[in-house]
file query_25.pdb (PDB, C-alpha atoms and all ligand atoms)
ATOM      1  CA  MET A   1     -18.349 -99.577  -9.817
ATOM      2  CA  LYS A   2     -19.591 -96.280 -11.300
ATOM      3  CA  LEU A   3     -22.128 -94.713  -8.960
ATOM      4  CA  THR A   4     -22.540 -91.297 -10.568
ATOM      5  CA  SER A   5     -23.439 -90.063 -14.018
ATOM      6  CA  SER A   6     -22.099 -87.042 -15.854
ATOM      7  CA  GLU A   7     -25.359 -86.710 -17.833
ATOM      8  CA  PRO A   8     -27.709 -83.863 -16.834
ATOM      9  CA  PHE A   9     -30.636 -85.385 -14.921
ATOM     10  CA  PHE A  10     -33.463 -84.043 -17.072
ATOM     11  CA  LEU A  11     -31.920 -85.287 -20.315
ATOM     12  CA  VAL A  12     -31.932 -88.760 -18.843
ATOM     13  CA  LYS A  13     -35.398 -88.370 -17.309
ATOM     14  CA  ASN A  14     -37.236 -86.684 -20.186
ATOM     15  CA  GLY A  15     -35.128 -87.361 -23.291
ATOM     16  CA  ILE A  16     -35.578 -85.009 -26.237
ATOM     17  CA  ALA A  17     -39.207 -83.945 -26.041
ATOM     18  CA  ASN A  18     -39.292 -82.045 -29.367
ATOM     19  CA  SER A  19     -36.731 -81.484 -32.072
ATOM     20  CA  TYR A  20     -36.851 -78.651 -34.599
ATOM     21  CA  PRO A  21     -35.149 -78.233 -37.989
ATOM     22  CA  SER A  22     -31.969 -76.238 -38.404
ATOM     23  CA  ILE A  23     -32.383 -73.058 -40.425
ATOM     24  CA  ARG A  24     -32.340 -73.442 -44.230
ATOM     25  CA  GLU A  25     -33.546 -70.043 -45.519
ATOM     26  CA  ASN A  26     -32.982 -66.340 -44.972
ATOM     27  CA  LEU A  27     -35.501 -64.794 -42.603
ATOM     28  CA  ASP A  28     -36.686 -61.346 -41.611
ATOM     29  CA  THR A  29     -38.302 -60.936 -38.203
ATOM     30  CA  GLU A  30     -39.098 -58.408 -35.510
ATOM     31  CA  ILE A  31     -37.406 -60.296 -32.686
ATOM     32  CA  LEU A  32     -34.637 -62.866 -32.745
ATOM     33  CA  ILE A  33     -34.046 -64.827 -29.554
ATOM     34  CA  VAL A  34     -30.716 -66.617 -29.213
ATOM     35  CA  GLY A  35     -30.983 -69.602 -26.853
ATOM     36  CA  GLY A  36     -33.761 -72.091 -26.211
ATOM     37  CA  GLY A  37     -33.365 -72.765 -22.502
ATOM     38  CA  ILE A  38     -35.931 -71.759 -19.891
ATOM     39  CA  THR A  39     -35.023 -68.051 -20.280
ATOM     40  CA  GLY A  40     -35.367 -68.002 -24.076
ATOM     41  CA  SER A  41     -38.624 -69.958 -23.860
ATOM     42  CA  LEU A  42     -40.195 -67.573 -21.367
ATOM     43  CA  ILE A  43     -39.044 -64.522 -23.336
ATOM     44  CA  ALA A  44     -40.371 -66.060 -26.577
ATOM     45  CA  HIS A  45     -43.702 -66.699 -24.853
ATOM     46  CA  GLN A  46     -43.959 -63.064 -23.763
ATOM     47  CA  CYS A  47     -43.006 -61.775 -27.230
ATOM     48  CA  MET A  48     -45.650 -63.990 -28.830
ATOM     49  CA  GLU A  49     -48.255 -62.909 -26.274
ATOM     50  CA  GLU A  50     -47.507 -59.302 -27.219
ATOM     51  CA  GLY A  51     -47.916 -60.090 -30.918
ATOM     52  CA  TYR A  52     -44.305 -59.816 -32.124
ATOM     53  CA  LYS A  53     -43.087 -61.819 -35.086
ATOM     54  CA  THR A  54     -40.474 -63.929 -33.327
ATOM     55  CA  VAL A  55     -37.735 -66.385 -34.252
ATOM     56  CA  LEU A  56     -35.773 -68.489 -31.732
ATOM     57  CA  ILE A  57     -32.523 -70.294 -32.503
ATOM     58  CA  ASP A  58     -30.347 -72.626 -30.454
ATOM     59  CA  ARG A  59     -26.950 -74.077 -31.316
ATOM     60  CA  ARG A  60     -27.886 -77.394 -29.683
ATOM     61  CA  GLU A  61     -31.199 -79.133 -29.077
ATOM     62  CA  ILE A  62     -33.785 -77.191 -27.062
ATOM     63  CA  GLY A  63     -33.048 -77.130 -23.319
ATOM     64  CA  HIS A  64     -29.603 -78.739 -23.558
ATOM     65  CA  GLY A  65     -27.844 -75.940 -21.652
ATOM     66  CA  SER A  66     -28.012 -75.542 -17.873
ATOM     67  CA  THR A  67     -31.822 -75.888 -18.112
ATOM     68  CA  SER A  68     -31.285 -79.653 -18.329
ATOM     69  CA  ALA A  69     -29.310 -79.675 -15.085
ATOM     70  CA  THR A  70     -31.366 -77.682 -12.564
ATOM     71  CA  THR A  71     -32.391 -79.098  -9.218
ATOM     72  CA  SER A  72     -35.855 -77.573  -9.826
ATOM     73  CA  ILE A  73     -35.998 -75.198  -6.887
ATOM     74  CA  LEU A  74     -38.151 -72.115  -7.410
ATOM     75  CA  GLN A  75     -37.349 -69.415  -4.919
ATOM     76  CA  TYR A  76     -38.093 -65.711  -4.867
ATOM     77  CA  GLU A  77     -34.751 -64.808  -3.313
ATOM     78  CA  ILE A  78     -32.137 -63.294  -5.588
ATOM     79  CA  ASP A  79     -28.515 -64.363  -4.885
ATOM     80  CA  VAL A  80     -27.921 -61.027  -3.129
ATOM     81  CA  PRO A  81     -30.011 -60.562   0.067
ATOM     82  CA  LEU A  82     -32.457 -57.630   0.056
ATOM     83  CA  HIS A  83     -30.633 -55.591   2.703
ATOM     84  CA  GLN A  84     -27.384 -55.846   0.713
ATOM     85  CA  LEU A  85     -29.117 -55.185  -2.617
ATOM     86  CA  ILE A  86     -30.506 -51.935  -1.186
ATOM     87  CA  ASP A  87     -26.914 -50.817  -0.495
ATOM     88  CA  LEU A  88     -25.851 -51.872  -3.995
ATOM     89  CA  ILE A  89     -28.595 -50.444  -6.220
ATOM     90  CA  GLY A  90     -30.770 -48.264  -3.998
ATOM     91  CA  GLU A  91     -33.984 -48.945  -2.098
ATOM     92  CA  LYS A  92     -36.543 -48.611  -4.906
ATOM     93  CA  ALA A  93     -34.722 -50.820  -7.420
ATOM     94  CA  ALA A  94     -33.921 -53.456  -4.789
ATOM     95  CA  VAL A  95     -37.451 -53.590  -3.387
ATOM     96  CA  ASP A  96     -38.989 -53.680  -6.891
ATOM     97  CA  SER A  97     -36.643 -56.554  -7.816
ATOM     98  CA  TYR A  98     -37.611 -58.580  -4.757
ATOM     99  CA  TRP A  99     -41.349 -58.042  -5.328
ATOM    100  CA  ALA A 100     -40.998 -58.919  -9.039
ATOM    101  CA  CYS A 101     -39.300 -62.189  -8.076
ATOM    102  CA  TYR A 102     -41.895 -62.857  -5.388
ATOM    103  CA  LYS A 103     -44.713 -62.366  -7.909
ATOM    104  CA  SER A 104     -42.956 -64.362 -10.634
ATOM    105  CA  ILE A 105     -43.732 -67.689  -8.957
ATOM    106  CA  ASP A 106     -47.463 -66.998  -9.335
ATOM    107  CA  ASP A 107     -46.927 -65.688 -12.887
ATOM    108  CA  LEU A 108     -45.170 -68.933 -13.708
ATOM    109  CA  LYS A 109     -48.144 -70.883 -12.381
ATOM    110  CA  LYS A 110     -50.391 -69.014 -14.864
ATOM    111  CA  ILE A 111     -48.054 -69.836 -17.776
ATOM    112  CA  VAL A 112     -47.910 -73.477 -16.708
ATOM    113  CA  ARG A 113     -51.736 -73.606 -16.819
ATOM    114  CA  GLN A 114     -51.849 -71.765 -20.149
ATOM    115  CA  VAL A 115     -49.475 -74.152 -21.925
ATOM    116  CA  LYS A 116     -51.182 -77.088 -20.189
ATOM    117  CA  TYR A 117     -48.040 -78.331 -18.542
ATOM    118  CA  ASP A 118     -49.198 -79.942 -15.343
ATOM    119  CA  CYS A 119     -46.658 -82.551 -14.301
ATOM    120  CA  GLY A 120     -44.155 -80.812 -12.102
ATOM    121  CA  PHE A 121     -45.079 -77.350 -10.884
ATOM    122  CA  LYS A 122     -45.765 -77.299  -7.173
ATOM    123  CA  LYS A 123     -46.113 -74.353  -4.808
ATOM    124  CA  LYS A 124     -44.039 -75.047  -1.706
ATOM    125  CA  GLU A 125     -43.162 -73.399   1.568
ATOM    126  CA  SER A 126     -39.659 -72.043   1.794
ATOM    127  CA  LEU A 127     -37.144 -71.808   4.611
ATOM    128  CA  TYR A 128     -33.928 -69.816   4.489
ATOM    129  CA  PHE A 129     -32.061 -70.996   7.572
ATOM    130  CA  ALA A 130     -28.782 -70.318   9.341
ATOM    131  CA  ALA A 131     -26.744 -73.518   9.381
ATOM    132  CA  VAL A 132     -24.045 -71.914  11.521
ATOM    133  CA  LYS A 133     -24.521 -69.645  14.533
ATOM    134  CA  LYS A 134     -22.558 -66.749  13.085
ATOM    135  CA  ASP A 135     -25.097 -66.370  10.240
ATOM    136  CA  VAL A 136     -28.017 -65.661  12.565
ATOM    137  CA  GLY A 137     -27.168 -61.944  12.874
ATOM    138  CA  TRP A 138     -27.311 -61.051   9.205
ATOM    139  CA  LEU A 139     -30.182 -63.431   8.504
ATOM    140  CA  LYS A 140     -32.259 -61.616  11.149
ATOM    141  CA  LYS A 141     -31.292 -58.326   9.504
ATOM    142  CA  GLU A 142     -32.518 -59.776   6.214
ATOM    143  CA  PHE A 143     -35.754 -60.910   7.867
ATOM    144  CA  GLU A 144     -36.352 -57.376   9.182
ATOM    145  CA  ALA A 145     -35.693 -55.891   5.718
ATOM    146  CA  ARG A 146     -38.250 -58.226   4.114
ATOM    147  CA  LYS A 147     -40.800 -57.628   6.874
ATOM    148  CA  LYS A 148     -40.374 -53.868   6.508
ATOM    149  CA  ILE A 149     -41.473 -53.979   2.866
ATOM    150  CA  GLY A 150     -44.553 -56.038   3.782
ATOM    151  CA  MET A 151     -43.453 -59.493   2.669
ATOM    152  CA  PRO A 152     -45.368 -62.204   4.532
ATOM    153  CA  VAL A 153     -42.337 -63.778   6.200
ATOM    154  CA  LYS A 154     -41.970 -65.258   9.681
ATOM    155  CA  TRP A 155     -38.876 -65.820  11.797
ATOM    156  CA  LEU A 156     -38.678 -69.405  13.076
ATOM    157  CA  GLU A 157     -36.432 -70.344  15.990
ATOM    158  CA  ALA A 158     -34.360 -73.541  15.841
ATOM    159  CA  ASP A 159     -36.881 -75.584  17.884
ATOM    160  CA  GLU A 160     -39.786 -74.448  15.660
ATOM    161  CA  ILE A 161     -37.770 -75.439  12.590
ATOM    162  CA  TYR A 162     -37.093 -78.830  14.104
ATOM    163  CA  LYS A 163     -40.803 -79.345  14.814
ATOM    164  CA  LYS A 164     -41.903 -78.299  11.340
ATOM    165  CA  PHE A 165     -39.085 -79.637   9.146
ATOM    166  CA  HIS A 166     -37.184 -82.133  11.347
ATOM    167  CA  ASN A 167     -34.038 -80.181  10.624
ATOM    168  CA  LYS A 168     -31.603 -80.506  13.538
ATOM    169  CA  HIS A 169     -28.930 -78.328  11.958
ATOM    170  CA  SER A 170     -30.423 -74.855  12.071
ATOM    171  CA  TYR A 171     -30.068 -71.820  14.325
ATOM    172  CA  GLY A 172     -33.250 -70.136  13.074
ATOM    173  CA  GLY A 173     -34.448 -68.936   9.706
ATOM    174  CA  ILE A 174     -36.858 -67.025   7.487
ATOM    175  CA  PHE A 175     -40.038 -68.921   6.696
ATOM    176  CA  SER A 176     -42.301 -68.049   3.787
ATOM    177  CA  GLU A 177     -45.155 -69.666   1.912
ATOM    178  CA  GLN A 178     -43.808 -68.420  -1.390
ATOM    179  CA  GLY A 179     -41.669 -71.037  -3.128
ATOM    180  CA  GLY A 180     -41.996 -73.991  -5.415
ATOM    181  CA  SER A 181     -40.481 -76.576  -7.663
ATOM    182  CA  ILE A 182     -40.661 -77.102 -11.395
ATOM    183  CA  GLY A 183     -39.147 -79.217 -14.153
ATOM    184  CA  ALA A 184     -37.640 -76.364 -16.174
ATOM    185  CA  PHE A 185     -36.443 -78.618 -19.020
ATOM    186  CA  GLN A 186     -39.921 -79.988 -19.763
ATOM    187  CA  LEU A 187     -41.501 -76.575 -19.248
ATOM    188  CA  ALA A 188     -39.137 -74.968 -21.793
ATOM    189  CA  HIS A 189     -40.129 -77.646 -24.309
ATOM    190  CA  ASP A 190     -43.839 -77.249 -23.592
ATOM    191  CA  ILE A 191     -43.765 -73.447 -23.793
ATOM    192  CA  LEU A 192     -41.980 -73.617 -27.140
ATOM    193  CA  ALA A 193     -44.285 -76.316 -28.551
ATOM    194  CA  TYR A 194     -47.314 -74.208 -27.501
ATOM    195  CA  ASN A 195     -45.940 -71.099 -29.208
ATOM    196  CA  HIS A 196     -44.663 -72.998 -32.248
ATOM    197  CA  GLU A 197     -48.290 -73.845 -32.983
ATOM    198  CA  LYS A 198     -49.082 -70.127 -32.758
ATOM    199  CA  GLY A 199     -46.418 -69.184 -35.303
ATOM    200  CA  LEU A 200     -43.154 -68.933 -33.353
ATOM    201  CA  LYS A 201     -40.342 -70.053 -35.668
ATOM    202  CA  ILE A 202     -37.853 -72.336 -33.891
ATOM    203  CA  PHE A 203     -34.579 -73.647 -35.240
ATOM    204  CA  ASP A 204     -32.239 -75.805 -33.195
ATOM    205  CA  LYS A 205     -28.758 -76.983 -34.217
ATOM    206  CA  THR A 206     -28.389 -73.425 -35.540
ATOM    207  CA  ASP A 207     -25.331 -71.496 -34.418
ATOM    208  CA  ILE A 208     -24.327 -67.889 -34.988
ATOM    209  CA  LYS A 209     -21.306 -67.034 -37.109
ATOM    210  CA  LYS A 210     -21.446 -63.244 -37.063
ATOM    211  CA  VAL A 211     -23.710 -60.498 -35.734
ATOM    212  CA  THR A 212     -23.709 -57.090 -37.426
ATOM    213  CA  TYR A 213     -25.418 -54.319 -35.503
ATOM    214  CA  LYS A 214     -27.161 -51.742 -37.697
ATOM    215  CA  GLN A 215     -29.048 -48.552 -36.956
ATOM    216  CA  ASN A 216     -32.459 -50.204 -37.308
ATOM    217  CA  GLY A 217     -31.661 -53.704 -36.128
ATOM    218  CA  VAL A 218     -29.253 -56.590 -36.566
ATOM    219  CA  SER A 219     -28.140 -58.929 -39.283
ATOM    220  CA  VAL A 220     -27.107 -62.385 -38.107
ATOM    221  CA  GLN A 221     -25.165 -64.814 -40.234
ATOM    222  CA  THR A 222     -25.633 -68.394 -39.133
ATOM    223  CA  GLU A 223     -23.183 -71.271 -39.443
ATOM    224  CA  ASN A 224     -25.604 -72.827 -41.941
ATOM    225  CA  GLY A 225     -24.921 -69.964 -44.385
ATOM    226  CA  THR A 226     -28.267 -68.205 -43.944
ATOM    227  CA  THR A 227     -28.991 -64.680 -42.727
ATOM    228  CA  ILE A 228     -31.579 -63.567 -40.193
ATOM    229  CA  THR A 229     -32.404 -59.871 -40.045
ATOM    230  CA  ALA A 230     -34.237 -58.640 -36.974
ATOM    231  CA  LYS A 231     -35.283 -55.352 -35.384
ATOM    232  CA  LYS A 232     -34.180 -56.630 -31.986
ATOM    233  CA  ILE A 233     -31.955 -59.464 -30.829
ATOM    234  CA  ILE A 234     -32.366 -60.899 -27.326
ATOM    235  CA  TYR A 235     -29.512 -63.001 -25.981
ATOM    236  CA  CYS A 236     -30.724 -65.809 -23.731
ATOM    237  CA  ASN A 237     -27.671 -67.973 -24.131
ATOM    238  CA  GLY A 238     -26.865 -68.401 -20.467
ATOM    239  CA  PHE A 239     -23.267 -69.003 -19.478
ATOM    240  CA  GLU A 240     -22.197 -68.728 -23.105
ATOM    241  CA  SER A 241     -23.261 -65.062 -23.386
ATOM    242  CA  THR A 242     -19.639 -64.086 -22.820
ATOM    243  CA  GLU A 243     -18.761 -65.455 -26.283
ATOM    244  CA  ILE A 244     -20.987 -62.858 -27.927
ATOM    245  CA  ILE A 245     -21.233 -59.953 -25.491
ATOM    246  CA  LYS A 246     -17.692 -58.719 -25.100
ATOM    247  CA  ASP A 247     -18.320 -56.379 -22.128
ATOM    248  CA  LYS A 248     -16.973 -57.883 -18.914
ATOM    249  CA  PHE A 249     -20.299 -58.293 -17.115
ATOM    250  CA  ILE A 250     -19.574 -61.498 -15.188
ATOM    251  CA  ASN A 251     -17.540 -61.560 -12.036
ATOM    252  CA  TYR A 252     -16.161 -65.104 -12.145
ATOM    253  CA  PHE A 253     -14.673 -64.678  -8.679
ATOM    254  CA  LEU A 254     -18.151 -64.107  -7.213
ATOM    255  CA  LEU A 255     -19.582 -67.027  -9.221
ATOM    256  CA  MET A 256     -17.022 -69.384  -7.713
ATOM    257  CA  GLN A 257     -17.864 -68.431  -4.124
TER     258      GLN A 257
HETATM  259  C1  LIG A 301     -26.403 -78.235 -11.438
HETATM  260  C2  LIG A 301     -27.282 -77.024 -11.539
HETATM  261  C3  LIG A 301     -28.381 -76.907 -10.675
HETATM  262  C4  LIG A 301     -29.199 -75.790 -10.730
HETATM  263  N1  LIG A 301     -30.295 -75.712  -9.901
HETATM  264  C5  LIG A 301     -31.147 -74.668  -9.987
HETATM  265  C6  LIG A 301     -32.332 -74.603  -9.201
HETATM  266  O1  LIG A 301     -32.637 -75.502  -8.424
HETATM  267  N2  LIG A 301     -33.141 -73.529  -9.337
HETATM  268  C7  LIG A 301     -32.848 -72.523 -10.219
HETATM  269  O2  LIG A 301     -33.628 -71.556 -10.306
HETATM  270  N3  LIG A 301     -31.733 -72.551 -10.976
HETATM  271  C8  LIG A 301     -30.897 -73.602 -10.885
HETATM  272  N4  LIG A 301     -29.767 -73.642 -11.678
HETATM  273  C9  LIG A 301     -29.546 -72.538 -12.591
HETATM  274  C10 LIG A 301     -30.475 -72.719 -13.793
HETATM  275  O3  LIG A 301     -30.314 -74.026 -14.298
HETATM  276  C11 LIG A 301     -30.090 -71.728 -14.858
HETATM  277  O4  LIG A 301     -30.090 -70.428 -14.315
HETATM  278  C12 LIG A 301     -31.102 -71.753 -15.993
HETATM  279  O5  LIG A 301     -31.327 -73.053 -16.481
HETATM  280  C13 LIG A 301     -30.552 -70.876 -17.083
HETATM  281  O6  LIG A 301     -31.395 -70.995 -18.182
HETATM  282  P1  LIG A 301     -31.027 -70.214 -19.484
HETATM  283  O7  LIG A 301     -32.116 -70.484 -20.465
HETATM  284  O8  LIG A 301     -30.722 -68.810 -19.150
HETATM  285  O9  LIG A 301     -29.634 -70.863 -19.959
HETATM  286  P2  LIG A 301     -29.366 -72.283 -20.637
HETATM  287  O10 LIG A 301     -30.322 -73.327 -20.184
HETATM  288  O11 LIG A 301     -27.917 -72.573 -20.486
HETATM  289  O12 LIG A 301     -29.707 -72.000 -22.147
HETATM  290  C14 LIG A 301     -28.884 -71.270 -23.001
HETATM  291  C15 LIG A 301     -29.081 -71.827 -24.387
HETATM  292  O13 LIG A 301     -28.383 -70.994 -25.330
HETATM  293  C16 LIG A 301     -27.828 -71.823 -26.316
HETATM  294  N5  LIG A 301     -26.727 -71.070 -26.934
HETATM  295  C17 LIG A 301     -25.587 -70.657 -26.357
HETATM  296  N6  LIG A 301     -24.830 -69.955 -27.214
HETATM  297  C18 LIG A 301     -25.515 -69.935 -28.392
HETATM  298  C19 LIG A 301     -25.278 -69.377 -29.658
HETATM  299  N7  LIG A 301     -24.157 -68.701 -29.926
HETATM  300  N8  LIG A 301     -26.171 -69.550 -30.636
HETATM  301  C20 LIG A 301     -27.315 -70.243 -30.395
HETATM  302  N9  LIG A 301     -27.613 -70.782 -29.205
HETATM  303  C21 LIG A 301     -26.738 -70.632 -28.213
HETATM  304  C22 LIG A 301     -27.388 -73.077 -25.572
HETATM  305  O14 LIG A 301     -27.261 -74.185 -26.434
HETATM  306  C23 LIG A 301     -28.506 -73.244 -24.554
HETATM  307  O15 LIG A 301     -29.540 -74.115 -24.985
HETATM  308  C24 LIG A 301     -28.931 -74.752 -11.648
HETATM  309  C25 LIG A 301     -27.841 -74.874 -12.537
HETATM  310  C26 LIG A 301     -27.036 -75.990 -12.492
HETATM  311  C27 LIG A 301     -25.892 -76.094 -13.471
END

call {"tool": "encode", "arguments": {"input": "query_25.pdb", "output": "structure tokens"}}
result
Amino acid sequence: MKLTSSEPFFLVKNGIANSYPSIRENLDTEILIVGGGITGSLIAHQCMEEGYKTVLIDRREIGHGSTSATTSILQYEIDVPLHQLIDLIGEKAAVDSYWACYKSIDDLKKIVRQVKYDCGFKKKESLYFAAVKKDVGWLKKEFEARKKIGMPVKWLEADEIYKKFHNKHSYGGIFSEQGGSIGAFQLAHDILAYNHEKGLKIFDKTDIKKVTYKQNGVSVQTENGTTITAKKIIYCNGFESTEIIKDKFINYFLLMQ
């Protein structure tokens, strides 16, 4: 008996919400966005809000990258804890990053309302707990770092966590009211449909063959034999960025941990 599926959950749940044509003509634009997942959709939305002539392409259907596989958790924490990020990039940059992420959950709520997507976004409380005793020390250090910059966080002891969340397997943790959940796949589709009506050009099933960087922009040859010229190109192609950006900017060892 087969009990699991290899299909991404949201593809099964939502199907293909909208499909767009592949590119058939040469285009000239201010901004070209490569990738129509949740990142490309949000960037396209911002570009359109700021009045830029924008084109978005995706080699597959919209949202068929990792956006179709998320477990929908919205959290303000970056993978690196604040106290460690301060050591890595300095206090100002680390604190600004944490506040930007903290604020982004409320920004997302505004976008959700704007594009009239209302089936999925929920603000939720969040708990970052120590599942093993040895993690309590650094988690408390992290709590202090967040408290020091004024974040409304609270330390909960194991018994308080049990009372509130019925979680028997914690040794204490950081509680916050800032968190949420969202269906990123559907949101990406809805953001793009909203902006498509406002003039955003979208082409799926459109892959890149070659990118030529010029002094005043880029020229992109697509697999379909057309050319897109743009003043700026923004790569939002997720895990596949390494195919195009040759600099070694991903530490695979860290990703596997
Ligand atoms: C199992 C799983 C669970 C996850 N759970 C969570 C979670 O709970 N919360 C959370 O915040 N994150 C979660 N993530 C991470 C999250 O899904 C990703 O960070 C997010 O979806 C990335 O979105 P993206 O738009 O950057 O990339 P993608 O969704 O991968 O989109 C990239 C797009 O670029 C396109 N593309 C690639 N190369 C080209 C090219 N050359 N030309 C044209 N198009 C191209 C692809 O077809 C794709 O559509 C999870 C990830 C996985 C795999």

call {"tool": "resolve_selection", "arguments": {"input": "query_25.pdb", "expression": "the PyMOL selection byres (((not hetatm)) within 8 of (chain A and resi 301))", "output": "MDAnalysis selection string"}}
result
chainID A and resid 8 34:41 57:75 181 184:185 204:209 236:241 243:244

call {"tool": "resolve_selection", "arguments": {"input": "query_25.pdb", "expression": "the PyMOL selection byres (((chain A and resi 201) around 8) and not hetatm)", "output": "PyMOL selection string"}}
result
chain A and resi 54-56+196+199-200+202-203

call {"tool": "residues_around", "arguments": {"input": "query_25.pdb", "residues": "A:Val115", "least_positions_apart": "3", "cutoff": "7 Å", "atoms": "all atoms listed in the file", "output": "compact mmCIF listing (two decimals) with C-alpha atoms, keeping the file's coordinate frame"}}
result
# COMPACT_ATOMS: atom_id res chain seq x y z
CA ILE A 111 -48.05 -69.84 -17.78
CA VAL A 112 -47.91 -73.48 -16.71
CA ASP A 190 -43.84 -77.25 -23.59
CA ILE A 191 -43.76 -73.45 -23.79
CA TYR A 194 -47.31 -74.21 -27.50

call {"tool": "atom_distance", "arguments": {"input": "query_25.pdb", "atom1": "atom CA of A:Leu85", "atom2": "atom CA of A:Gly180"}}
result
23.0 Å

call {"tool": "closest_residue", "arguments": {"input": "query_25.pdb", "among": "A:Gln84, A:Ser104, A:Ser176, A:Gln215", "to": "A:Glu125", "atoms": "all atoms listed in the file"}}
result
A:Ser176

call {"tool": "residues_around", "arguments": {"input": "query_25.pdb", "residues": "A:Ile31", "least_positions_apart": "4", "cutoff": "9 Å", "atoms": "only C-alpha atoms", "output": "ChimeraX atom specification"}}
result
/A:44,47,52-56,229-234

call {"tool": "closest_residue", "arguments": {"input": "query_25.pdb", "among": "A:Glu177, A:Glu223, A:Asp87, A:Glu30", "to": "A:Met151", "atoms": "all atoms listed in the file"}}
result
A:Glu177
